[in-house]
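Containing PDB, C-alpha atoms, pLDDT in the B column: entry.pdb.
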```
ATOM      1  CA  ASP U   1       2.256   5.894   9.987  1.00 58.00           C
ATOM      2  CA  ASN U   2       1.693   2.654  11.910  1.00 68.00           C
ATOM      3  CA  LYS U   3       0.853   4.529  15.089  1.00 65.00           C
ATOM      4  CA  ASP U   4      -2.201   6.496  13.973  1.00 71.00           C
ATOM      5  CA  GLY U   5      -5.040   6.506  11.460  1.00 83.00           C
ATOM      6  CA  ILE U   6      -6.297   3.742   9.187  1.00 90.00           C
ATOM      7  CA  LYS U   7      -3.603   1.204  10.071  1.00 92.00           C
ATOM      8  CA  THR U   8      -4.320   1.454  13.774  1.00 89.00           C
ATOM      9  CA  ALA U   9      -8.047   1.051  13.133  1.00 90.00           C
ATOM     10  CA  LEU U  10      -7.336  -2.375  11.639  1.00 93.00           C
ATOM     11  CA  ALA U  11      -4.677  -3.274  14.231  1.00 90.00           C
ATOM     12  CA  GLY U  12      -7.126  -2.365  16.994  1.00 90.00           C
ATOM     13  CA  MET U  13      -9.796  -4.652  15.563  1.00 92.00           C
ATOM     14  CA  LEU U  14      -7.370  -7.567  15.175  1.00 91.00           C
ATOM     15  CA  THR U  15      -5.804  -7.324  18.626  1.00 89.00           C
ATOM     16  CA  SER U  16      -8.966  -6.523  20.550  1.00 89.00           C
ATOM     17  CA  GLY U  17     -10.762  -9.330  18.740  1.00 89.00           C
ATOM     18  CA  LEU U  18      -8.566 -11.813  20.576  1.00 84.00           C
ATOM     19  CA  THR U  19      -9.553 -10.345  23.937  1.00 87.00           C
ATOM     20  CA  GLY U  20     -13.303 -10.785  23.509  1.00 84.00           C
ATOM     21  CA  ARG U  21     -14.251  -7.715  21.460  1.00 87.00           C
ATOM     22  CA  THR U  22     -15.587  -9.876  18.665  1.00 91.00           C
ATOM     23  CA  LEU U  23     -17.780  -7.355  16.797  1.00 91.00           C
ATOM     24  CA  ALA U  24     -16.102  -4.149  15.697  1.00 89.00           C
ATOM     25  CA  HIS U  25     -16.062  -1.307  13.236  1.00 87.00           C
ATOM     26  CA  SER U  26     -14.256   1.981  12.731  1.00 90.00           C
ATOM     27  CA  ASP U  27     -15.404   5.432  11.635  1.00 89.00           C
ATOM     28  CA  ILE U  28     -14.964   5.413   7.859  1.00 90.00           C
ATOM     29  CA  GLY U  29     -12.376   8.088   7.161  1.00 88.00           C
ATOM     30  CA  GLY U  30     -11.474   8.395  10.847  1.00 82.00           C
ATOM     31  CA  PHE U  31     -12.715  10.849  13.442  1.00 73.00           C
ATOM     32  CA  THR U  32      -9.735  12.912  14.610  1.00 73.00           C
ATOM     33  CA  VAL U  33      -9.098  15.848  12.279  1.00 71.00           C
ATOM     34  CA  VAL U  34      -7.059  18.811  13.509  1.00 69.00           C
ATOM     35  CA  SER U  35      -5.632  21.836  11.750  1.00 67.00           C
ATOM     36  CA  GLU U  36      -2.271  23.271  12.703  1.00 62.00           C
ATOM     37  CA  GLY U  37      -2.754  26.555  14.555  1.00 58.00           C
ATOM     38  CA  ARG U  38      -6.454  25.974  15.164  1.00 60.00           C
ATOM     39  CA  ASP U  39      -7.380  25.756  18.835  1.00 59.00           C
ATOM     40  CA  PHE U  40      -3.635  25.738  19.585  1.00 57.00           C
ATOM     41  CA  TRP U  41      -3.088  22.290  18.049  1.00 63.00           C
ATOM     42  CA  PRO U  42       0.541  21.813  16.890  1.00 67.00           C
ATOM     43  CA  TRP U  43      -0.418  19.044  14.448  1.00 70.00           C
ATOM     44  CA  ASN U  44      -2.126  18.917  11.083  1.00 70.00           C
ATOM     45  CA  TYR U  45      -4.295  15.851  10.484  1.00 75.00           C
ATOM     46  CA  GLN U  46      -6.488  16.185   7.407  1.00 79.00           C
ATOM     47  CA  ARG U  47      -8.577  13.497   5.771  1.00 85.00           C
ATOM     48  CA  SER U  48      -7.734  13.338   2.079  1.00 91.00           C
ATOM     49  CA  LYS U  49     -10.064  11.998  -0.569  1.00 95.00           C
ATOM     50  CA  GLU U  50      -7.720   9.070  -1.181  1.00 96.00           C
ATOM     51  CA  LEU U  51      -7.710   8.145   2.506  1.00 94.00           C
ATOM     52  CA  LEU U  52     -11.499   8.284   2.618  1.00 95.00           C
ATOM     53  CA  LEU U  53     -11.876   6.045  -0.444  1.00 97.00           C
ATOM     54  CA  ARG U  54      -9.361   3.494   0.833  1.00 98.00           C
ATOM     55  CA  TRP U  55     -11.029   3.445   4.258  1.00 96.00           C
ATOM     56  CA  ILE U  56     -14.368   2.771   2.545  1.00 97.00           C
ATOM     57  CA  GLU U  57     -12.770  -0.293   0.932  1.00 98.00           C
ATOM     58  CA  LEU U  58     -11.354  -1.520   4.250  1.00 97.00           C
ATOM     59  CA  SER U  59     -14.639  -1.104   6.112  1.00 96.00           C
ATOM     60  CA  ALA U  60     -16.688  -2.942   3.488  1.00 97.00           C
ATOM     61  CA  PHE U  61     -14.803  -6.109   4.436  1.00 98.00           C
ATOM     62  CA  SER U  62     -13.627  -5.558   8.013  1.00 96.00           C
ATOM     63  CA  ASP U  63     -16.598  -3.879   9.687  1.00 93.00           C
ATOM     64  CA  VAL U  64     -19.774  -5.397  11.048  1.00 94.00           C
ATOM     65  CA  VAL U  65     -21.344  -1.924  10.746  1.00 94.00           C
ATOM     66  CA  PHE U  66     -20.587   0.117   7.602  1.00 96.00           C
ATOM     67  CA  ARG U  67     -20.704   3.685   8.889  1.00 92.00           C
ATOM     68  CA  THR U  68     -19.148   6.973   7.853  1.00 90.00           C
ATOM     69  CA  HIS U  69     -18.237   9.883  10.102  1.00 84.00           C
ATOM     70  CA  PRO U  70     -17.790  13.515   8.994  1.00 83.00           C
ATOM     71  CA  GLY U  71     -14.814  13.927  11.322  1.00 77.00           C
ATOM     72  CA  LEU U  72     -14.001  16.355  14.094  1.00 71.00           C
ATOM     73  CA  ILE U  73     -13.587  19.334  11.756  1.00 72.00           C
ATOM     74  CA  LEU U  74     -15.492  19.661   8.480  1.00 74.00           C
ATOM     75  CA  ASP U  75     -13.330  22.347   6.882  1.00 73.00           C
ATOM     76  CA  GLY U  76     -10.919  20.752   4.423  1.00 74.00           C
ATOM     77  CA  THR U  77     -12.019  17.225   5.280  1.00 86.00           C
ATOM     78  CA  ALA U  78     -13.021  14.917   2.422  1.00 90.00           C
ATOM     79  CA  GLN U  79     -16.614  13.664   2.637  1.00 92.00           C
ATOM     80  CA  VAL U  80     -18.449  10.959   0.726  1.00 93.00           C
ATOM     81  CA  TYR U  81     -20.863  13.542  -0.700  1.00 94.00           C
ATOM     82  CA  ASP U  82     -18.141  15.860  -2.070  1.00 94.00           C
ATOM     83  CA  ASP U  83     -18.277  14.672  -5.682  1.00 96.00           C
ATOM     84  CA  GLU U  84     -19.721  12.008  -7.955  1.00 97.00           C
ATOM     85  CA  GLU U  85     -16.641   9.769  -7.777  1.00 97.00           C
ATOM     86  CA  SER U  86     -16.743   9.656  -3.973  1.00 96.00           C
ATOM     87  CA  MET U  87     -20.482   8.973  -3.956  1.00 97.00           C
ATOM     88  CA  ALA U  88     -20.126   6.198  -6.533  1.00 97.00           C
ATOM     89  CA  HIS U  89     -17.236   4.616  -4.617  1.00 97.00           C
ATOM     90  CA  PHE U  90     -19.187   4.669  -1.377  1.00 97.00           C
ATOM     91  CA  ALA U  91     -22.265   3.234  -3.092  1.00 97.00           C
ATOM     92  CA  LYS U  92     -20.242   0.423  -4.682  1.00 98.00           C
ATOM     93  CA  PHE U  93     -18.716  -0.691  -1.406  1.00 98.00           C
ATOM     94  CA  ALA U  94     -21.983  -0.318   0.458  1.00 97.00           C
ATOM     95  CA  ARG U  95     -23.211  -2.928  -2.024  1.00 98.00           C
ATOM     96  CA  VAL U  96     -20.100  -5.040  -1.323  1.00 98.00           C
ATOM     97  CA  HIS U  97     -20.833  -4.886   2.412  1.00 97.00           C
ATOM     98  CA  SER U  98     -24.456  -5.812   1.749  1.00 97.00           C
ATOM     99  CA  ALA U  99     -23.460  -8.685  -0.551  1.00 98.00           C
ATOM    100  CA  LEU U 100     -21.427 -10.176   2.302  1.00 98.00           C
ATOM    101  CA  PHE U 101     -24.454 -10.174   4.635  1.00 97.00           C
ATOM    102  CA  GLU U 102     -25.310 -13.872   4.347  1.00 97.00           C
ATOM    103  CA  TYR U 103     -21.652 -14.871   4.686  1.00 97.00           C
ATOM    104  CA  ARG U 104     -21.197 -12.616   7.721  1.00 97.00           C
ATOM    105  CA  GLN U 105     -24.230 -13.886   9.701  1.00 97.00           C
ATOM    106  CA  PRO U 106     -22.707 -17.240  10.749  1.00 97.00           C
ATOM    107  CA  LEU U 107     -19.537 -15.355  11.730  1.00 96.00           C
ATOM    108  CA  ILE U 108     -21.593 -13.148  14.036  1.00 96.00           C
ATOM    109  CA  ALA U 109     -23.175 -16.272  15.511  1.00 95.00           C
ATOM    110  CA  GLN U 110     -19.687 -17.722  16.098  1.00 94.00           C
ATOM    111  CA  ALA U 111     -18.725 -14.479  17.832  1.00 94.00           C
ATOM    112  CA  SER U 112     -21.596 -15.027  20.260  1.00 92.00           C
ATOM    113  CA  THR U 113     -21.216 -18.762  20.851  1.00 93.00           C
ATOM    114  CA  LEU U 114     -17.482 -19.390  20.413  1.00 93.00           C
ATOM    115  CA  GLY U 115     -15.910 -15.982  20.999  1.00 92.00           C
ATOM    116  CA  TYR U 116     -14.320 -15.828  17.538  1.00 94.00           C
ATOM    117  CA  PRO U 117     -13.945 -12.288  16.163  1.00 95.00           C
ATOM    118  CA  VAL U 118     -15.524 -11.629  12.777  1.00 95.00           C
ATOM    119  CA  THR U 119     -12.382  -9.822  11.583  1.00 96.00           C
ATOM    120  CA  ARG U 120      -9.626 -12.285  12.380  1.00 95.00           C
ATOM    121  CA  PRO U 121      -5.826 -12.150  12.633  1.00 94.00           C
ATOM    122  CA  MET U 122      -4.035 -14.636  10.409  1.00 94.00           C
ATOM    123  CA  LEU U 123      -2.815 -16.585  13.438  1.00 91.00           C
ATOM    124  CA  LEU U 124      -6.331 -17.674  14.342  1.00 92.00           C
ATOM    125  CA  HIS U 125      -6.575 -19.881  11.238  1.00 92.00           C
ATOM    126  CA  TYR U 126      -2.927 -20.499  10.342  1.00 92.00           C
ATOM    127  CA  SER U 127      -1.230 -21.034  13.680  1.00 89.00           C
ATOM    128  CA  THR U 128       1.142 -23.697  12.302  1.00 89.00           C
ATOM    129  CA  ASP U 129       2.463 -21.532   9.454  1.00 90.00           C
ATOM    130  CA  GLU U 130       5.963 -20.403  10.417  1.00 90.00           C
ATOM    131  CA  VAL U 131       5.679 -17.061   8.621  1.00 91.00           C
ATOM    132  CA  VAL U 132       2.385 -16.302  10.363  1.00 92.00           C
ATOM    133  CA  ARG U 133       3.886 -17.316  13.714  1.00 89.00           C
ATOM    134  CA  ASP U 134       6.870 -14.974  13.273  1.00 88.00           C
ATOM    135  CA  ASP U 135       5.845 -11.817  15.138  1.00 78.00           C
ATOM    136  CA  THR U 136       8.534  -9.765  13.379  1.00 79.00           C
ATOM    137  CA  ASN U 137       6.488  -9.850  10.162  1.00 78.00           C
ATOM    138  CA  ARG U 138       4.745  -6.498  10.599  1.00 71.00           C
ATOM    139  CA  GLY U 139       3.052  -6.877   7.239  1.00 69.00           C
ATOM    140  CA  LEU U 140       0.797  -9.488   8.804  1.00 78.00           C
ATOM    141  CA  ILE U 141      -0.972  -6.832  10.890  1.00 84.00           C
ATOM    142  CA  GLU U 142      -2.010  -5.160   7.632  1.00 94.00           C
ATOM    143  CA  GLN U 143      -4.019  -8.132   6.377  1.00 96.00           C
ATOM    144  CA  PHE U 144      -6.749 -10.237   7.927  1.00 96.00           C
ATOM    145  CA  MET U 145      -9.182 -13.084   7.483  1.00 97.00           C
ATOM    146  CA  LEU U 146     -12.888 -12.356   7.201  1.00 97.00           C
ATOM    147  CA  GLY U 147     -14.101 -15.632   8.608  1.00 95.00           C
ATOM    148  CA  ASP U 148     -12.128 -18.533   7.192  1.00 94.00           C
ATOM    149  CA  ALA U 149     -12.875 -18.005   3.503  1.00 96.00           C
ATOM    150  CA  LEU U 150     -11.585 -14.522   2.629  1.00 98.00           C
ATOM    151  CA  LEU U 151      -8.083 -13.123   3.058  1.00 98.00           C
ATOM    152  CA  VAL U 152      -8.108  -9.331   2.780  1.00 98.00           C
ATOM    153  CA  ALA U 153      -5.160  -6.952   2.395  1.00 98.00           C
ATOM    154  CA  PRO U 154      -6.507  -3.386   2.224  1.00 98.00           C
ATOM    155  CA  VAL U 155      -4.477  -0.603   0.653  1.00 97.00           C
ATOM    156  CA  MET U 156      -3.435   1.684   3.496  1.00 96.00           C
ATOM    157  CA  ASP U 157      -0.365   3.509   2.184  1.00 95.00           C
ATOM    158  CA  GLU U 158      -0.739   6.896   0.531  1.00 94.00           C
ATOM    159  CA  GLY U 159      -0.324   6.762  -3.237  1.00 96.00           C
ATOM    160  CA  ALA U 160      -0.072   2.964  -3.380  1.00 97.00           C
ATOM    161  CA  GLU U 161      -1.394   1.244  -6.504  1.00 97.00           C
ATOM    162  CA  SER U 162      -0.498  -2.282  -5.422  1.00 98.00           C
ATOM    163  CA  VAL U 163      -0.676  -4.333  -2.247  1.00 97.00           C
ATOM    164  CA  ARG U 164       1.442  -7.156  -0.850  1.00 96.00           C
ATOM    165  CA  ALA U 165       0.102 -10.005   1.257  1.00 96.00           C
ATOM    166  CA  TYR U 166       1.256 -13.321   2.633  1.00 96.00           C
ATOM    167  CA  LEU U 167      -0.848 -16.263   1.457  1.00 96.00           C
ATOM    168  CA  PRO U 168      -0.404 -18.935   4.124  1.00 94.00           C
ATOM    169  CA  ALA U 169      -0.017 -22.638   3.644  1.00 88.00           C
ATOM    170  CA  ASP U 170      -2.453 -25.057   5.245  1.00 73.00           C
ATOM    171  CA  ALA U 171      -1.872 -28.787   5.030  1.00 57.00           C
ATOM    172  CA  SER U 172      -5.549 -29.474   5.710  1.00 60.00           C
ATOM    173  CA  ALA U 173      -6.811 -27.325   2.819  1.00 53.00           C
ATOM    174  CA  ASP U 174      -7.687 -28.745  -0.584  1.00 54.00           C
ATOM    175  CA  GLY U 175      -5.109 -27.600  -3.095  1.00 50.00           C
ATOM    176  CA  GLY U 176      -2.255 -25.249  -2.519  1.00 81.00           C
ATOM    177  CA  GLU U 177      -3.324 -22.113  -4.322  1.00 93.00           C
ATOM    178  CA  TRP U 178      -5.133 -18.877  -3.568  1.00 97.00           C
ATOM    179  CA  VAL U 179      -7.352 -17.065  -6.074  1.00 97.00           C
ATOM    180  CA  HIS U 180      -7.189 -13.285  -6.410  1.00 98.00           C
ATOM    181  CA  LEU U 181     -10.842 -12.272  -6.332  1.00 98.00           C
ATOM    182  CA  TRP U 182     -10.760  -9.442  -8.886  1.00 98.00           C
ATOM    183  CA  SER U 183      -8.493 -10.961 -11.561  1.00 98.00           C
ATOM    184  CA  ASN U 184      -9.086 -14.675 -10.933  1.00 98.00           C
ATOM    185  CA  ALA U 185      -5.300 -15.186 -11.074  1.00 98.00           C
ATOM    186  CA  THR U 186      -3.940 -17.966  -8.853  1.00 97.00           C
ATOM    187  CA  TYR U 187      -1.032 -17.708  -6.431  1.00 96.00           C
ATOM    188  CA  ALA U 188       0.916 -20.390  -4.568  1.00 94.00           C
ATOM    189  CA  SER U 189       0.362 -20.775  -0.854  1.00 94.00           C
ATOM    190  CA  GLY U 190       3.205 -20.187   1.560  1.00 93.00           C
ATOM    191  CA  GLU U 191       4.412 -17.207  -0.478  1.00 94.00           C
ATOM    192  CA  TRP U 192       4.138 -13.428  -0.480  1.00 95.00           C
ATOM    193  CA  ALA U 193       2.166 -12.034  -3.404  1.00 97.00           C
ATOM    194  CA  GLU U 194       1.939  -8.504  -4.764  1.00 97.00           C
ATOM    195  CA  VAL U 195      -1.021  -7.535  -6.940  1.00 98.00           C
ATOM    196  CA  ASP U 196      -2.283  -4.402  -8.639  1.00 98.00           C
ATOM    197  CA  ALA U 197      -4.736  -2.625  -6.353  1.00 98.00           C
ATOM    198  CA  PRO U 198      -6.189   0.450  -8.035  1.00 98.00           C
ATOM    199  CA  LEU U 199      -9.025   2.260  -6.311  1.00 98.00           C
ATOM    200  CA  GLY U 200     -11.940  -0.126  -6.094  1.00 98.00           C
ATOM    201  CA  GLN U 201      -9.821  -3.287  -5.865  1.00 98.00           C
ATOM    202  CA  PRO U 202      -8.326  -3.907  -2.418  1.00 98.00           C
ATOM    203  CA  GLY U 203      -6.406  -7.150  -2.089  1.00 98.00           C
ATOM    204  CA  VAL U 204      -8.839 -10.043  -1.618  1.00 98.00           C
ATOM    205  CA  TRP U 205      -8.118 -13.770  -2.026  1.00 98.00           C
ATOM    206  CA  PHE U 206      -9.846 -17.075  -1.357  1.00 97.00           C
ATOM    207  CA  ARG U 207      -8.694 -20.680  -1.462  1.00 95.00           C
ATOM    208  CA  ALA U 208      -8.820 -22.337  -4.863  1.00 94.00           C
ATOM    209  CA  GLY U 209     -11.785 -24.690  -4.984  1.00 92.00           C
ATOM    210  CA  ASP U 210     -13.516 -23.161  -1.970  1.00 94.00           C
ATOM    211  CA  GLU U 211     -17.231 -22.985  -2.765  1.00 96.00           C
ATOM    212  CA  GLN U 212     -17.931 -20.098  -0.403  1.00 96.00           C
ATOM    213  CA  GLY U 213     -15.099 -18.091  -1.909  1.00 97.00           C
ATOM    214  CA  GLU U 214     -16.300 -18.788  -5.436  1.00 97.00           C
ATOM    215  CA  ALA U 215     -19.840 -17.732  -4.549  1.00 98.00           C
ATOM    216  CA  ILE U 216     -18.593 -14.492  -2.984  1.00 98.00           C
ATOM    217  CA  GLN U 217     -16.427 -13.791  -6.015  1.00 98.00           C
ATOM    218  CA  ALA U 218     -19.382 -14.230  -8.358  1.00 98.00           C
ATOM    219  CA  ALA U 219     -21.555 -11.944  -6.223  1.00 98.00           C
ATOM    220  CA  LEU U 220     -18.965  -9.162  -5.955  1.00 98.00           C
ATOM    221  CA  LEU U 221     -17.954  -9.222  -9.609  1.00 98.00           C
ATOM    222  CA  ALA U 222     -21.623  -8.895 -10.553  1.00 97.00           C
ATOM    223  CA  LEU U 223     -22.018  -5.601  -8.662  1.00 94.00           C
TER     224      LEU U 223
END
```
Before anything else, please render the file you have as structure tokens.
Amino acid sequence: DNKDGIKTALAGMLTSGLTGRTLAHSDIGGFTVVSEGRDFWPWNYQRSKELLLRWIELSAFSDVVFRTHPGLILDGTAQVYDDEESMAHFAKFARVHSALFEYRQPLIAQASTLGYPVTRPMLLHYSTDEVVRDDTNRGLIEQFMLGDALLVAPVMDEGAESVRAYLPADASADGGEWVHLWSNATYASGEWAEVDAPLGQPGVWFRAGDEQGEAIQAALLAL
């Protein structure tokens, strides 16, 4: 659903970031949980384990603050402390968030001095790319730039084991390829790419030959 939940958390960060809300985060797993019939609610919103784990992955890259929330109702709501797999997943991506600390600090400084959001819509860096400029491409609100080095496409659809992202062209960049962080496979710019994205591997790319991207890749693969 594009109108509620994890997708709107990202859309809210991207759109509000262009209006001056440069530092943002969401409640990992979401806050609103309601049970049908309870307190006269006609809806049933429950946080599944899969949703929680995928939101952990999103927040490790998108959020300035990496913070969980138990949700409005605890009964039937997946928590990071429920089982060993959830705890290990949370711990891994807490380390990912921590490993990005040094990269994120200049972005926070830019937020203060230049008004650039840390979590950035594609248009901010690729305004001349015709695909990026086409506002009918709804898939572009489901990916973002973390600074100018990392392109991130989180998995936000239930049951998905792959993710699709547009890898924009940039005439000023060295080379024309993007590197998939987890597999090291290269993909042409100016094209849509679909990659395997099992739990623990959200879509993340960086420009081929980019030293910052290579350093981040080495740090994250070492975790």
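The residue that comes closest to U:Thr186, out of U:Leu150, U:Ala208, U:Ala9, U:Ala169 and on the basis of only C-alpha atoms, is U:Ala208.
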Long-range neighbours of stretch 176-179 of chain U as a ChimeraX atom specification, 8 Å cut-off, only C-alpha atoms, 5 positions minimum in chain: /U:167,169-170,184-189,205-208
Running the PyMOL selection byres ((chain U and resi 199) around 10) on this model by hand, what would come out? Give it as a PyMOL selection string. chain U and resi 50+53-54+57+89+155+160-162+196-198+200-202
Return as a PyMOL selection string the set of residues that the PyMOL selection byres ((chain U and resi 132) around 12) yields on the displayed structure. chain U and resi 121-131+133-141+143-144+165-170+190-192
Distance query U:Leu220 at most 8 Å, all atoms listed in the file, self and fewer than 4 positions along chain excluded, as a list in words: Val96, Ala99 and Ile216 of chain U
I need the chosen residues saved as a PDB file, in the frame of the given file, with C-alpha atoms.
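Contents of the output file selection08.pdb:
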```pdb
ATOM      1  CA  VAL U  96     -20.100  -5.040  -1.323  1.00 98.00           C
ATOM      2  CA  ALA U  99     -23.460  -8.685  -0.551  1.00 98.00           C
ATOM      3  CA  ILE U 216     -18.593 -14.492  -2.984  1.00 98.00           C
TER       4      ILE U 216
END
```
Report the residues retrieved by the PyMOL selection byres ((chain U and resi 72) around 10) from the displayed file, expressed as a list in words. Gly30, Phe31, Thr32, Val33, Val34, His69, Pro70, Gly71, Ile73, Leu74, Asp75 and Thr77 of chain U
Please identify all polymer residues within 12 Å of U:Lys7, counting all atoms listed in the file, omitting same-chain residues fewer than 3 positions from it, and present them as an NGL selection string. :U and (1-4 or 10-14 or 26 or 29-30 or 51 or 54-55 or 58-59 or 138-143 or 153-158)
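Shell of U:Gly76 at 9 Å, with all atoms listed in the file counted and residues fewer than 5 places along the chain excluded, is Gln46, Arg47 and Ser48 of chain U.
One finds atom CA of U:Ala94 at 14.0 Å from atom CA of U:Tyr81.
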Go ahead and compute the interatomic distance for atom CA of U:Asp148 and atom CA of U:Val65, in Å to one decimal. 19.3 Å
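You will find atom CA of U:Thr19 at 9.7 Å from atom CA of U:Tyr116.
The nearest approach to U:Arg104 among the residues U:Gly20, U:Pro117, U:Glu214, U:Thr68, with all atoms listed in the file taken into account, belongs to U:Pro117.
Of the residues under consideration (U:Thr119, U:Ser98, U:Gln105, U:Gln212), U:Thr119 shows the shortest atom-to-atom contact distance to U:Arg21 when counting all atoms listed in the file.
With distances restricted to only C-alpha atoms, U:Thr22 is the closest residue to U:Gln110 from U:Trp182, U:Thr22, U:Lys49, U:Glu211.
Closest approach to U:His25 among U:Gly213, U:Glu85, U:Val118, U:Leu221 is made by U:Val118 (distances from all atoms listed in the file).
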Edge lengths and centre, in Å to one decimal, as JSON: that's what I need for the box along x, y and z that holds all listed atoms of stretch 184-194 of chain U plus 3 Å on each side.
```
{"center_x": -2.3, "center_y": -14.6, "center_z": -4.8, "size_x": 19.5, "size_y": 18.3, "size_z": 18.6}
```
Between U:Thr15, U:Leu23, U:Leu223, U:Leu151, which residue has the minimum interatomic distance to U:Gly115, considering all atoms listed in the file? U:Leu23
